[in-house]
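I have placed the structure first, in the form of structure tokens, so that the comments after it can refer back to it.
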Protein chains: 2
Amino acid sequence: MTDLPVGRRERKKAATRQAIADAALRLFLEHGYDRVSIRDIADAADVSTTTLFKHFAGKEALVFDEDQAREAELVAAVRERDAGRSILDALRHHVLDTWLPVAEHAQAGEFNNLVNSTPALRAYGERMWTRHTASLGAAIAEDVGVDHDDVACVALARFVLEIPALTRDRRNRTAAVETIFDILEQGWEPPGKPAPRP
Amino acid sequence: MTDLPVGRRERKKAATRQAIADAALRLFLEHGYDRVSIRDIADAADVSTTTLFKHFAGKEALVFDEDQAREAELVAAVRERDAGRSILDALRHHVLDTWLPVAEHAQAGEFNNLVNSTPALRAYGERMWTRHTASLGAAIAEDVGVDHDDVACVALARFVLEIPALTRDRRNRTAAVETIFDILEQGWEPPGKPAPRP
DNA sequence: CACCAAAAGTGCAACGGGTCAACTTAGTGG
DNA sequence: CCACTAAGTTGACCCGTTGCACTTTTGGTG
């Protein structure tokens with residue numbers, strides 16, 4: 001997965017980082033996000049708060065490790081799609097195949113619950129996605145051969161990146177994702193009431 | 001516009017509130033958002049920080065007065081549109097007629113600049129818009145006669161509300177808005193390079 | 001008019017997130 | 001083995017924000 005550190009130094013560094021992240025997640029799940037202070041976490045991981053902030057940019061970053069990966073995957077999904085497949089199709093399947101499994105199950109029960117029930121974390125999570133707008137937009141633009149900040153391409157990127165927020169608490173996430181991609185492909189039109197059974 | 005306060009009490013209250021807001025904006029424009037502390041503002045307005053926070057929910061709220069109005073206008077634009085006009089058309093014209101003039105000119109030069117160049121304010125501003133997703137989505141859903149949290153309707157609402165963020169720093173905002181509405185109406189397709197002149 | 005309850009405002013202390021500067025420790029590499 | 005450098009520590013500090021106990025104002029009511 002990620003290249004493992006070689007020197008003793010980097011191993012120790014990685015270890016501390018991990019210790020902090022573990023302690024944080026444990027305490028958060030145990031007592032709730034905002035009843036746990038940075039100092040608590042630092043103590044539990046047996047480091048100073050300054051050290052903690054050298055590893056993580058802020059309190060929210062303790063729970064959302066890893067957004068770098070997502071951006072790369074997204075761009076790749078566009079760039080390295082099968083020949084003849086449209087950009088939208090590639091994105092649709094990337095979302096369905098990659099995001100949904102993670103959201104649905106990966107022992108994420110408590111985790112999702114934690115994020116979902118903490119406004120600060122929800123907000124941070126949403127912004128995390130939309131921060132990739134520029135990169136994804138640029139990748140799409142490059143693919144179709146227009147300016148890297150072409151409005152249509154950037155807008156499409158943003159809309160796709162809103163999908164997690166829009167489908168978060170749906171009973172049937174798959175259907176919701178499909179519906180949204182249908183809008184993006186064919187345009188929006190008033191959804192009819194589901195026809196009553198005759 | 002807003003009903004003017006009658007009692008001496010409410011007049012004074014409104015006055016202090018205004019004094020705070022004025023002091024804040026002045027200091028922000030003069031020294032930059034994050035070089036001005038809450039204490040500075042409170043001092044300048046000659047109140048205590050406690051009082052300040054009884055009038056404004058947080059530091060960002062000092063610069064963004066008034067988002068309530070926007071939500072109502074939006075919902076109205078959908079509900080009270082001319083007969084025979086589609087929802088999307090109503091929204092498109094509401095955005096073009098109501099939002100653009102405000103964004104373009106209203107002595108907003110420095111103000112926009114301030115918001116734009118301060119990450120905290122950008123973030124707050126964007127969330128301000130998307131917070132109306134549910135209401136606008138529900139209005140649309142009601143109009144077409146489906147569940148108030150129908151995915152397609154909520155998605156459309158969100159996409160429309162992203163428009164300010166997506167068009168903020170475009171040279172030609174009008175064109176950008178039109179492009180985005182075209183996507184929402186007819187679906188996205190790869191924009192061709194502008195045809196080179198023959 | 002006098003009086004009282006409630007609202008507006010004050011002062012102060014405290015908390016939690018986050019930063020800074022000077023210092024110690026301990027791998028790294030020559 | 002020694003000098004260099006990155007990781008970590010310490011302690012003080014700023015800032016946004018909240019709670020608490022207290023004073024002032026003001027509107028209404030008997």
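Chain lettering (A, B, ...) mirrors the order of the structure tokens, residue numbering begins at 1 for each chain separately, and ligand numbering begins at 1 in order of display.
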Practice task
Considering only C-alpha atoms (C1' of nucleotides), return as JSON, numbers by chain whatever protein or nucleic-acid residues lie within 12 Å of segment 25-27 of chain D, sequence-local ones (same chain, fewer than 2 positions apart) excluded.
Solution key: {"B": [7, 8, 9, 10, 11, 12, 13], "C": [3, 4, 5, 6, 7, 8, 9], "D": [23, 29]}
Could you write those residues out with N, CA and C atoms (P, O5', C5', C4', C3', O3' and C1' of nucleotides), as a PDB file, in the first residue's frame?
```pdb
ATOM      1  N   GLY B   7     -39.520  50.665  20.659  1.00  0.00           N
ATOM      2  CA  GLY B   7     -39.153  51.090  22.014  1.00  0.00           C
ATOM      3  C   GLY B   7     -37.741  51.648  22.073  1.00  0.00           C
ATOM      4  N   ARG B   8     -37.485  52.453  23.095  1.00  0.00           N
ATOM      5  CA  ARG B   8     -36.135  52.969  23.297  1.00  0.00           C
ATOM      6  C   ARG B   8     -35.165  51.798  23.439  1.00  0.00           C
ATOM      7  N   ARG B   9     -35.634  50.804  24.155  1.00  0.00           N
ATOM      8  CA  ARG B   9     -34.826  49.620  24.403  1.00  0.00           C
ATOM      9  C   ARG B   9     -34.300  49.011  23.108  1.00  0.00           C
ATOM     10  N   GLU B  10     -35.256  48.691  22.233  1.00  0.00           N
ATOM     11  CA  GLU B  10     -34.868  47.990  21.016  1.00  0.00           C
ATOM     12  C   GLU B  10     -34.053  48.890  20.106  1.00  0.00           C
ATOM     13  N   ARG B  11     -34.299  50.173  20.194  1.00  0.00           N
ATOM     14  CA  ARG B  11     -33.491  51.086  19.399  1.00  0.00           C
ATOM     15  C   ARG B  11     -32.049  51.048  19.866  1.00  0.00           C
ATOM     16  N   LYS B  12     -31.867  51.122  21.173  1.00  0.00           N
ATOM     17  CA  LYS B  12     -30.515  51.059  21.706  1.00  0.00           C
ATOM     18  C   LYS B  12     -29.830  49.748  21.334  1.00  0.00           C
ATOM     19  N   LYS B  13     -30.589  48.690  21.472  1.00  0.00           N
ATOM     20  CA  LYS B  13     -30.010  47.388  21.134  1.00  0.00           C
ATOM     21  C   LYS B  13     -29.540  47.363  19.687  1.00  0.00           C
TER      22      LYS B  13
ATOM     23  P    DC C   3     -41.342  52.409  46.018  1.00  0.00           P
ATOM     24  O5'  DC C   3     -41.515  51.026  45.233  1.00  0.00           O
ATOM     25  C5'  DC C   3     -42.809  50.430  45.139  1.00  0.00           C
ATOM     26  C4'  DC C   3     -42.736  49.221  44.220  1.00  0.00           C
ATOM     27  C3'  DC C   3     -41.417  48.454  44.318  1.00  0.00           C
ATOM     28  O3'  DC C   3     -41.700  47.070  44.413  1.00  0.00           O
ATOM     29  C1'  DC C   3     -41.860  49.018  42.063  1.00  0.00           C
ATOM     30  P    DC C   4     -40.536  46.070  44.815  1.00  0.00           P
ATOM     31  O5'  DC C   4     -40.796  44.885  43.771  1.00  0.00           O
ATOM     32  C5'  DC C   4     -42.063  44.797  43.106  1.00  0.00           C
ATOM     33  C4'  DC C   4     -41.892  44.085  41.769  1.00  0.00           C
ATOM     34  C3'  DC C   4     -40.683  43.153  41.729  1.00  0.00           C
ATOM     35  O3'  DC C   4     -41.034  42.012  40.957  1.00  0.00           O
ATOM     36  C1'  DC C   4     -40.492  44.767  40.011  1.00  0.00           C
ATOM     37  P    DA C   5     -40.319  40.640  41.176  1.00  0.00           P
ATOM     38  O5'  DA C   5     -40.249  40.106  39.687  1.00  0.00           O
ATOM     39  C5'  DA C   5     -41.427  40.180  38.860  1.00  0.00           C
ATOM     40  C4'  DA C   5     -41.019  40.199  37.409  1.00  0.00           C
ATOM     41  C3'  DA C   5     -39.943  39.177  37.046  1.00  0.00           C
ATOM     42  O3'  DA C   5     -40.252  38.618  35.788  1.00  0.00           O
ATOM     43  C1'  DA C   5     -39.165  41.362  36.560  1.00  0.00           C
ATOM     44  P    DA C   6     -39.419  37.434  35.202  1.00  0.00           P
ATOM     45  O5'  DA C   6     -38.875  38.079  33.856  1.00  0.00           O
ATOM     46  C5'  DA C   6     -39.648  39.105  33.221  1.00  0.00           C
ATOM     47  C4'  DA C   6     -38.774  39.866  32.251  1.00  0.00           C
ATOM     48  C3'  DA C   6     -37.648  39.037  31.632  1.00  0.00           C
ATOM     49  O3'  DA C   6     -37.583  39.361  30.256  1.00  0.00           O
ATOM     50  C1'  DA C   6     -36.747  40.954  32.626  1.00  0.00           C
ATOM     51  P    DA C   7     -36.754  38.488  29.212  1.00  0.00           P
ATOM     52  O5'  DA C   7     -35.851  39.600  28.513  1.00  0.00           O
ATOM     53  C5'  DA C   7     -36.451  40.854  28.166  1.00  0.00           C
ATOM     54  C4'  DA C   7     -35.390  41.907  28.052  1.00  0.00           C
ATOM     55  C3'  DA C   7     -34.127  41.449  27.296  1.00  0.00           C
ATOM     56  O3'  DA C   7     -33.773  42.456  26.379  1.00  0.00           O
ATOM     57  C1'  DA C   7     -33.533  42.368  29.375  1.00  0.00           C
ATOM     58  P    DA C   8     -32.630  42.239  25.315  1.00  0.00           P
ATOM     59  O5'  DA C   8     -31.485  43.167  25.912  1.00  0.00           O
ATOM     60  C5'  DA C   8     -31.746  44.562  26.050  1.00  0.00           C
ATOM     61  C4'  DA C   8     -30.520  45.239  26.600  1.00  0.00           C
ATOM     62  C3'  DA C   8     -29.228  44.800  25.898  1.00  0.00           C
ATOM     63  O3'  DA C   8     -28.496  45.965  25.556  1.00  0.00           O
ATOM     64  C1'  DA C   8     -29.054  44.493  28.242  1.00  0.00           C
ATOM     65  P    DG C   9     -27.095  45.777  24.774  1.00  0.00           P
ATOM     66  O5'  DG C   9     -26.058  45.850  25.981  1.00  0.00           O
ATOM     67  C5'  DG C   9     -26.098  46.978  26.843  1.00  0.00           C
ATOM     68  C4'  DG C   9     -25.228  46.706  28.034  1.00  0.00           C
ATOM     69  C3'  DG C   9     -23.810  46.237  27.676  1.00  0.00           C
ATOM     70  O3'  DG C   9     -22.885  47.229  28.082  1.00  0.00           O
ATOM     71  C1'  DG C   9     -24.742  45.010  29.479  1.00  0.00           C
TER      72       DG C   9
ATOM     73  P    DT D  23     -23.745  44.088  42.443  1.00  0.00           P
ATOM     74  O5'  DT D  23     -23.994  44.979  41.159  1.00  0.00           O
ATOM     75  C5'  DT D  23     -22.896  45.726  40.597  1.00  0.00           C
ATOM     76  C4'  DT D  23     -23.343  46.450  39.349  1.00  0.00           C
ATOM     77  C3'  DT D  23     -24.376  47.555  39.578  1.00  0.00           C
ATOM     78  O3'  DT D  23     -23.940  48.706  38.878  1.00  0.00           O
ATOM     79  C1'  DT D  23     -25.124  46.098  37.883  1.00  0.00           C
ATOM     80  P    DT D  29     -48.613  45.061  31.156  1.00  0.00           P
ATOM     81  O5'  DT D  29     -48.972  45.019  32.700  1.00  0.00           O
ATOM     82  C5'  DT D  29     -47.969  44.527  33.620  1.00  0.00           C
ATOM     83  C4'  DT D  29     -48.346  44.919  35.030  1.00  0.00           C
ATOM     84  C3'  DT D  29     -49.831  45.293  35.218  1.00  0.00           C
ATOM     85  O3'  DT D  29     -50.317  44.732  36.435  1.00  0.00           O
ATOM     86  C1'  DT D  29     -48.460  47.056  35.982  1.00  0.00           C
TER      87       DT D  29
END
```
Set out as a tab-separated table a contact list for chain D and chain A with a cut-off of 10 Å, giving each residue of chain D that qualifies its closest atom pair and distance in Å to one decimal, counting only C-alpha atoms (C1' of nucleotides), ordered by chain and rising residue number.
```
residue	atom	partner	partner_atom	distance
D:DA6	C1'	A:Arg9	CA	8.7
D:DA7	C1'	A:Lys13	CA	7.5
D:DG8	C1'	A:Thr51	CA	6.4
D:DT9	C1'	A:Ser48	CA	6.8
D:DT10	C1'	A:Ser48	CA	8.7
```
Mobile chain B placed on reference chain A by ordered C-alpha fit, as an mmCIF file with C-alpha atoms, in the first residue's frame:
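Dumped to selection_39.cif:
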```
data_model
loop_
_atom_site.group_PDB
_atom_site.id
_atom_site.type_symbol
_atom_site.label_atom_id
_atom_site.label_comp_id
_atom_site.auth_asym_id
_atom_site.auth_seq_id
_atom_site.Cartn_x
_atom_site.Cartn_y
_atom_site.Cartn_z
ATOM 1 C CA MET B 1 0.213 0.451 -0.075
ATOM 2 C CA THR B 2 2.454 3.051 1.536
ATOM 3 C CA ASP B 3 6.191 2.567 1.422
ATOM 4 C CA LEU B 4 7.263 1.415 4.855
ATOM 5 C CA PRO B 5 9.867 3.512 6.630
ATOM 6 C CA VAL B 6 13.401 2.199 6.755
ATOM 7 C CA GLY B 7 15.445 4.074 9.328
ATOM 8 C CA ARG B 8 14.899 3.687 13.048
ATOM 9 C CA ARG B 9 14.111 7.365 13.066
ATOM 10 C CA GLU B 10 11.270 7.221 10.610
ATOM 11 C CA ARG B 11 9.914 4.107 12.211
ATOM 12 C CA LYS B 12 9.712 5.824 15.557
ATOM 13 C CA LYS B 13 8.126 8.841 13.995
ATOM 14 C CA ALA B 14 5.519 6.716 12.295
ATOM 15 C CA ALA B 15 4.938 4.908 15.572
ATOM 16 C CA THR B 16 4.233 8.072 17.556
ATOM 17 C CA ARG B 17 1.983 9.292 14.817
ATOM 18 C CA GLN B 18 0.066 6.069 14.912
ATOM 19 C CA ALA B 19 -0.103 6.118 18.699
ATOM 20 C CA ILE B 20 -1.617 9.580 18.581
ATOM 21 C CA ALA B 21 -4.136 8.675 15.909
ATOM 22 C CA ASP B 22 -5.154 5.540 17.787
ATOM 23 C CA ALA B 23 -5.547 7.304 21.099
ATOM 24 C CA ALA B 24 -7.568 10.031 19.426
ATOM 25 C CA LEU B 25 -9.957 7.695 17.665
ATOM 26 C CA ARG B 26 -10.430 5.606 20.782
ATOM 27 C CA LEU B 27 -11.211 8.595 22.960
ATOM 28 C CA PHE B 28 -13.471 10.168 20.357
ATOM 29 C CA LEU B 29 -15.526 7.024 19.962
ATOM 30 C CA GLU B 30 -15.642 6.565 23.700
ATOM 31 C CA HIS B 31 -16.595 10.052 24.853
ATOM 32 C CA GLY B 32 -17.570 12.013 21.765
ATOM 33 C CA TYR B 33 -15.523 14.368 19.636
ATOM 34 C CA ASP B 34 -15.963 17.582 21.502
ATOM 35 C CA ARG B 35 -15.794 16.176 24.963
ATOM 36 C CA VAL B 36 -12.204 15.145 24.276
ATOM 37 C CA SER B 37 -9.579 17.830 24.372
ATOM 38 C CA ILE B 38 -6.289 17.941 22.549
ATOM 39 C CA ARG B 39 -4.568 17.749 25.916
ATOM 40 C CA ASP B 40 -6.468 14.562 26.726
ATOM 41 C CA ILE B 41 -5.274 12.946 23.524
ATOM 42 C CA ALA B 42 -1.723 14.086 23.998
ATOM 43 C CA ASP B 43 -1.734 12.674 27.522
ATOM 44 C CA ALA B 44 -3.214 9.373 26.385
ATOM 45 C CA ALA B 45 -0.573 9.039 23.692
ATOM 46 C CA ASP B 46 2.053 10.229 26.155
ATOM 47 C CA VAL B 47 3.303 13.123 24.064
ATOM 48 C CA SER B 48 3.076 16.871 24.400
ATOM 49 C CA THR B 49 0.478 18.914 22.557
ATOM 50 C CA THR B 50 3.287 20.540 20.620
ATOM 51 C CA THR B 51 4.373 17.173 19.318
ATOM 52 C CA LEU B 52 0.816 16.275 18.442
ATOM 53 C CA PHE B 53 0.508 19.339 16.258
ATOM 54 C CA LYS B 54 3.731 18.489 14.493
ATOM 55 C CA HIS B 55 2.064 15.306 13.266
ATOM 56 C CA PHE B 56 -1.460 16.564 12.570
ATOM 57 C CA ALA B 57 -2.542 19.886 11.205
ATOM 58 C CA GLY B 58 -5.544 20.231 13.485
ATOM 59 C CA LYS B 59 -8.041 18.410 15.615
ATOM 60 C CA GLU B 60 -10.151 17.292 12.678
ATOM 61 C CA ALA B 61 -7.135 15.897 10.873
ATOM 62 C CA LEU B 62 -6.848 13.349 13.680
ATOM 63 C CA VAL B 63 -9.925 11.582 12.441
ATOM 64 C CA PHE B 64 -9.529 12.146 8.708
ATOM 65 C CA ASP B 65 -6.225 10.653 7.802
ATOM 66 C CA GLU B 66 -5.806 10.160 4.056
ATOM 67 C CA ASP B 67 -7.474 12.301 1.510
ATOM 68 C CA GLN B 68 -4.509 12.505 -0.828
ATOM 69 C CA ALA B 69 -5.239 9.040 -2.153
ATOM 70 C CA ARG B 70 -8.796 9.879 -3.167
ATOM 71 C CA GLU B 71 -7.779 12.720 -5.397
ATOM 72 C CA ALA B 72 -5.288 10.611 -7.298
ATOM 73 C CA GLU B 73 -7.804 7.817 -7.774
ATOM 74 C CA LEU B 74 -10.376 10.231 -9.101
ATOM 75 C CA VAL B 75 -8.078 11.791 -11.622
ATOM 76 C CA ALA B 76 -6.953 8.339 -12.683
ATOM 77 C CA ALA B 77 -10.534 7.205 -13.118
ATOM 78 C CA VAL B 78 -10.968 9.928 -15.706
ATOM 79 C CA ARG B 79 -7.606 9.691 -17.418
ATOM 80 C CA GLU B 80 -7.254 5.951 -17.645
ATOM 81 C CA ARG B 81 -10.790 4.966 -18.446
ATOM 82 C CA ASP B 82 -11.494 2.305 -21.051
ATOM 83 C CA ALA B 83 -11.485 3.576 -24.590
ATOM 84 C CA GLY B 84 -14.935 4.554 -25.788
ATOM 85 C CA ARG B 85 -16.262 5.075 -22.293
ATOM 86 C CA SER B 86 -17.543 8.564 -21.577
ATOM 87 C CA ILE B 87 -16.169 10.657 -18.754
ATOM 88 C CA LEU B 88 -19.475 10.632 -16.948
ATOM 89 C CA ASP B 89 -19.727 6.896 -17.242
ATOM 90 C CA ALA B 90 -16.244 6.453 -15.879
ATOM 91 C CA LEU B 91 -17.011 8.687 -12.934
ATOM 92 C CA ARG B 92 -20.306 6.973 -12.265
ATOM 93 C CA HIS B 93 -18.691 3.598 -12.029
ATOM 94 C CA HIS B 94 -15.786 4.858 -10.021
ATOM 95 C CA VAL B 95 -18.183 6.256 -7.461
ATOM 96 C CA LEU B 96 -20.308 3.130 -7.366
ATOM 97 C CA ASP B 97 -17.383 0.734 -7.195
ATOM 98 C CA THR B 98 -14.948 2.639 -5.024
ATOM 99 C CA TRP B 99 -16.801 4.998 -2.728
ATOM 100 C CA LEU B 100 -19.872 3.016 -1.857
ATOM 101 C CA PRO B 101 -18.158 -0.067 -0.441
ATOM 102 C CA VAL B 102 -16.091 2.141 1.837
ATOM 103 C CA ALA B 103 -19.089 4.135 2.967
ATOM 104 C CA GLU B 104 -21.318 1.114 3.402
ATOM 105 C CA HIS B 105 -19.372 -1.220 5.507
ATOM 106 C CA ALA B 106 -15.691 -0.936 6.331
ATOM 107 C CA GLN B 107 -16.218 -1.377 10.080
ATOM 108 C CA ALA B 108 -17.288 2.187 9.622
ATOM 109 C CA GLY B 109 -20.428 1.851 11.642
ATOM 110 C CA GLU B 110 -19.312 3.807 14.682
ATOM 111 C CA PHE B 111 -16.909 5.875 12.687
ATOM 112 C CA ASN B 112 -19.550 7.144 10.283
ATOM 113 C CA ASN B 113 -21.799 7.744 13.199
ATOM 114 C CA LEU B 114 -19.153 9.824 14.909
ATOM 115 C CA VAL B 115 -18.511 11.979 11.878
ATOM 116 C CA ASN B 116 -22.173 12.293 11.086
ATOM 117 C CA SER B 117 -23.172 13.461 14.512
ATOM 118 C CA THR B 118 -20.419 16.028 14.939
ATOM 119 C CA PRO B 119 -21.028 19.225 12.982
ATOM 120 C CA ALA B 120 -17.384 20.218 12.966
ATOM 121 C CA LEU B 121 -16.427 16.882 11.437
ATOM 122 C CA ARG B 122 -19.217 16.924 8.869
ATOM 123 C CA ALA B 123 -18.125 20.351 7.741
ATOM 124 C CA TYR B 124 -14.485 19.341 7.558
ATOM 125 C CA GLY B 125 -15.336 16.199 5.656
ATOM 126 C CA GLU B 126 -17.340 18.030 3.058
ATOM 127 C CA ARG B 127 -14.644 20.607 2.512
ATOM 128 C CA MET B 128 -12.161 17.784 2.190
ATOM 129 C CA TRP B 129 -13.982 16.591 -0.904
ATOM 130 C CA THR B 130 -14.609 19.905 -2.533
ATOM 131 C CA ARG B 131 -10.970 20.841 -2.105
ATOM 132 C CA HIS B 132 -10.268 18.465 -4.982
ATOM 133 C CA THR B 133 -12.572 20.377 -7.323
ATOM 134 C CA ALA B 134 -9.763 22.130 -9.129
ATOM 135 C CA SER B 135 -7.692 19.001 -9.785
ATOM 136 C CA LEU B 136 -10.575 16.887 -10.998
ATOM 137 C CA GLY B 137 -11.905 19.769 -13.064
ATOM 138 C CA ALA B 138 -8.520 20.256 -14.656
ATOM 139 C CA ALA B 139 -8.235 16.549 -15.456
ATOM 140 C CA ILE B 140 -11.603 16.580 -17.182
ATOM 141 C CA ALA B 141 -10.766 19.771 -19.036
ATOM 142 C CA GLU B 142 -7.496 18.374 -20.251
ATOM 143 C CA ASP B 143 -9.253 15.253 -21.446
ATOM 144 C CA VAL B 144 -11.706 17.145 -23.626
ATOM 145 C CA GLY B 145 -9.135 19.725 -24.664
ATOM 146 C CA VAL B 146 -10.263 23.011 -23.185
ATOM 147 C CA ASP B 147 -8.865 25.474 -20.678
ATOM 148 C CA HIS B 148 -7.968 23.866 -17.382
ATOM 149 C CA ASP B 149 -10.461 26.055 -15.558
ATOM 150 C CA ASP B 150 -13.309 25.735 -18.015
ATOM 151 C CA VAL B 151 -16.543 26.446 -16.181
ATOM 152 C CA ALA B 152 -18.434 23.411 -17.365
ATOM 153 C CA CYS B 153 -15.643 21.050 -16.392
ATOM 154 C CA VAL B 154 -15.071 22.559 -12.992
ATOM 155 C CA ALA B 155 -18.802 22.554 -12.330
ATOM 156 C CA LEU B 156 -19.065 18.896 -13.232
ATOM 157 C CA ALA B 157 -16.173 18.100 -10.937
ATOM 158 C CA ARG B 158 -17.775 19.940 -8.075
ATOM 159 C CA PHE B 159 -21.116 18.270 -8.593
ATOM 160 C CA VAL B 160 -19.562 14.827 -8.589
ATOM 161 C CA LEU B 161 -17.651 15.678 -5.438
ATOM 162 C CA GLU B 162 -20.865 16.712 -3.733
ATOM 163 C CA ILE B 163 -22.199 13.213 -4.116
ATOM 164 C CA PRO B 164 -20.912 11.900 -0.803
ATOM 165 C CA ALA B 165 -22.593 14.748 1.056
ATOM 166 C CA LEU B 166 -25.827 14.330 -0.888
ATOM 167 C CA THR B 167 -26.105 10.589 -0.451
ATOM 168 C CA ARG B 168 -24.666 10.275 3.032
ATOM 169 C CA ASP B 169 -27.808 9.413 4.907
ATOM 170 C CA ARG B 170 -29.870 7.710 2.242
ATOM 171 C CA ARG B 171 -31.243 4.281 2.836
ATOM 172 C CA ASN B 172 -30.444 3.270 -0.740
ATOM 173 C CA ARG B 173 -27.191 4.927 -1.618
ATOM 174 C CA THR B 174 -26.770 3.180 -4.944
ATOM 175 C CA ALA B 175 -30.092 4.422 -6.249
ATOM 176 C CA ALA B 176 -29.300 7.928 -5.045
ATOM 177 C CA VAL B 177 -25.966 7.941 -6.857
ATOM 178 C CA GLU B 178 -27.620 6.725 -10.029
ATOM 179 C CA THR B 179 -30.270 9.405 -9.821
ATOM 180 C CA ILE B 180 -27.684 12.130 -9.482
ATOM 181 C CA PHE B 181 -25.654 10.866 -12.417
ATOM 182 C CA ASP B 182 -28.810 10.741 -14.467
ATOM 183 C CA ILE B 183 -29.287 14.412 -13.763
ATOM 184 C CA LEU B 184 -25.738 15.138 -14.808
ATOM 185 C CA GLU B 185 -26.104 13.140 -18.000
ATOM 186 C CA GLN B 186 -29.555 14.043 -19.183
ATOM 187 C CA GLY B 187 -30.462 17.134 -17.244
ATOM 188 C CA TRP B 188 -32.890 17.601 -14.411
ATOM 189 C CA GLU B 189 -36.565 17.131 -14.827
ATOM 190 C CA PRO B 190 -39.331 17.026 -12.269
ATOM 191 C CA PRO B 191 -39.382 13.498 -10.875
ATOM 192 C CA GLY B 192 -42.921 12.119 -11.085
ATOM 193 C CA LYS B 193 -44.569 10.590 -8.060
ATOM 194 C CA PRO B 194 -43.952 6.884 -8.128
ATOM 195 C CA ALA B 195 -46.885 5.590 -10.171
ATOM 196 C CA PRO B 196 -49.483 4.028 -7.864
ATOM 197 C CA ARG B 197 -50.018 0.341 -8.566
ATOM 198 C CA PRO B 198 -53.016 -0.294 -10.804
#
```
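Going from atom C1' of DT5 of chain D over to atom C1' of DT25 of chain C, you cover 11.7 Å.
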Considering only C-alpha atoms (C1' of nucleotides), give me a table of residues in chain D that are at most 12 Å from segment 13-21 of chain C, with the closest atom pair and distance in Å for each, as JSON lines.
```
{"residue": "D:DT10", "atom": "C1'", "partner": "C:DA21", "partner_atom": "C1'", "distance": 10.6}
{"residue": "D:DG11", "atom": "C1'", "partner": "C:DA21", "partner_atom": "C1'", "distance": 10.2}
{"residue": "D:DA12", "atom": "C1'", "partner": "C:DC20", "partner_atom": "C1'", "distance": 9.1}
{"residue": "D:DC13", "atom": "C1'", "partner": "C:DC20", "partner_atom": "C1'", "distance": 8.3}
{"residue": "D:DC14", "atom": "C1'", "partner": "C:DT19", "partner_atom": "C1'", "distance": 8.1}
{"residue": "D:DC15", "atom": "C1'", "partner": "C:DG18", "partner_atom": "C1'", "distance": 8.9}
{"residue": "D:DG16", "atom": "C1'", "partner": "C:DG17", "partner_atom": "C1'", "distance": 9.0}
{"residue": "D:DT17", "atom": "C1'", "partner": "C:DC15", "partner_atom": "C1'", "distance": 8.8}
{"residue": "D:DT18", "atom": "C1'", "partner": "C:DC15", "partner_atom": "C1'", "distance": 8.3}
{"residue": "D:DG19", "atom": "C1'", "partner": "C:DA14", "partner_atom": "C1'", "distance": 8.6}
{"residue": "D:DC20", "atom": "C1'", "partner": "C:DA13", "partner_atom": "C1'", "distance": 9.2}
{"residue": "D:DA21", "atom": "C1'", "partner": "C:DA13", "partner_atom": "C1'", "distance": 11.3}
```
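Across C:DC23, C:DC1, C:DC12, C:DG29, the tightest approach to chain B is made by C:DC12 when counting only C-alpha atoms (C1' of nucleotides).
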Handout entry: Which of segment 14-171 of chain B DSSP labels helix (DSSP H, G or I), written as a ChimeraX atom specification
Key = /B:14-31,33-35,38-44,49-55,60-62,68-79,87-104,109-116,119-130,133-144,151-161,163-167
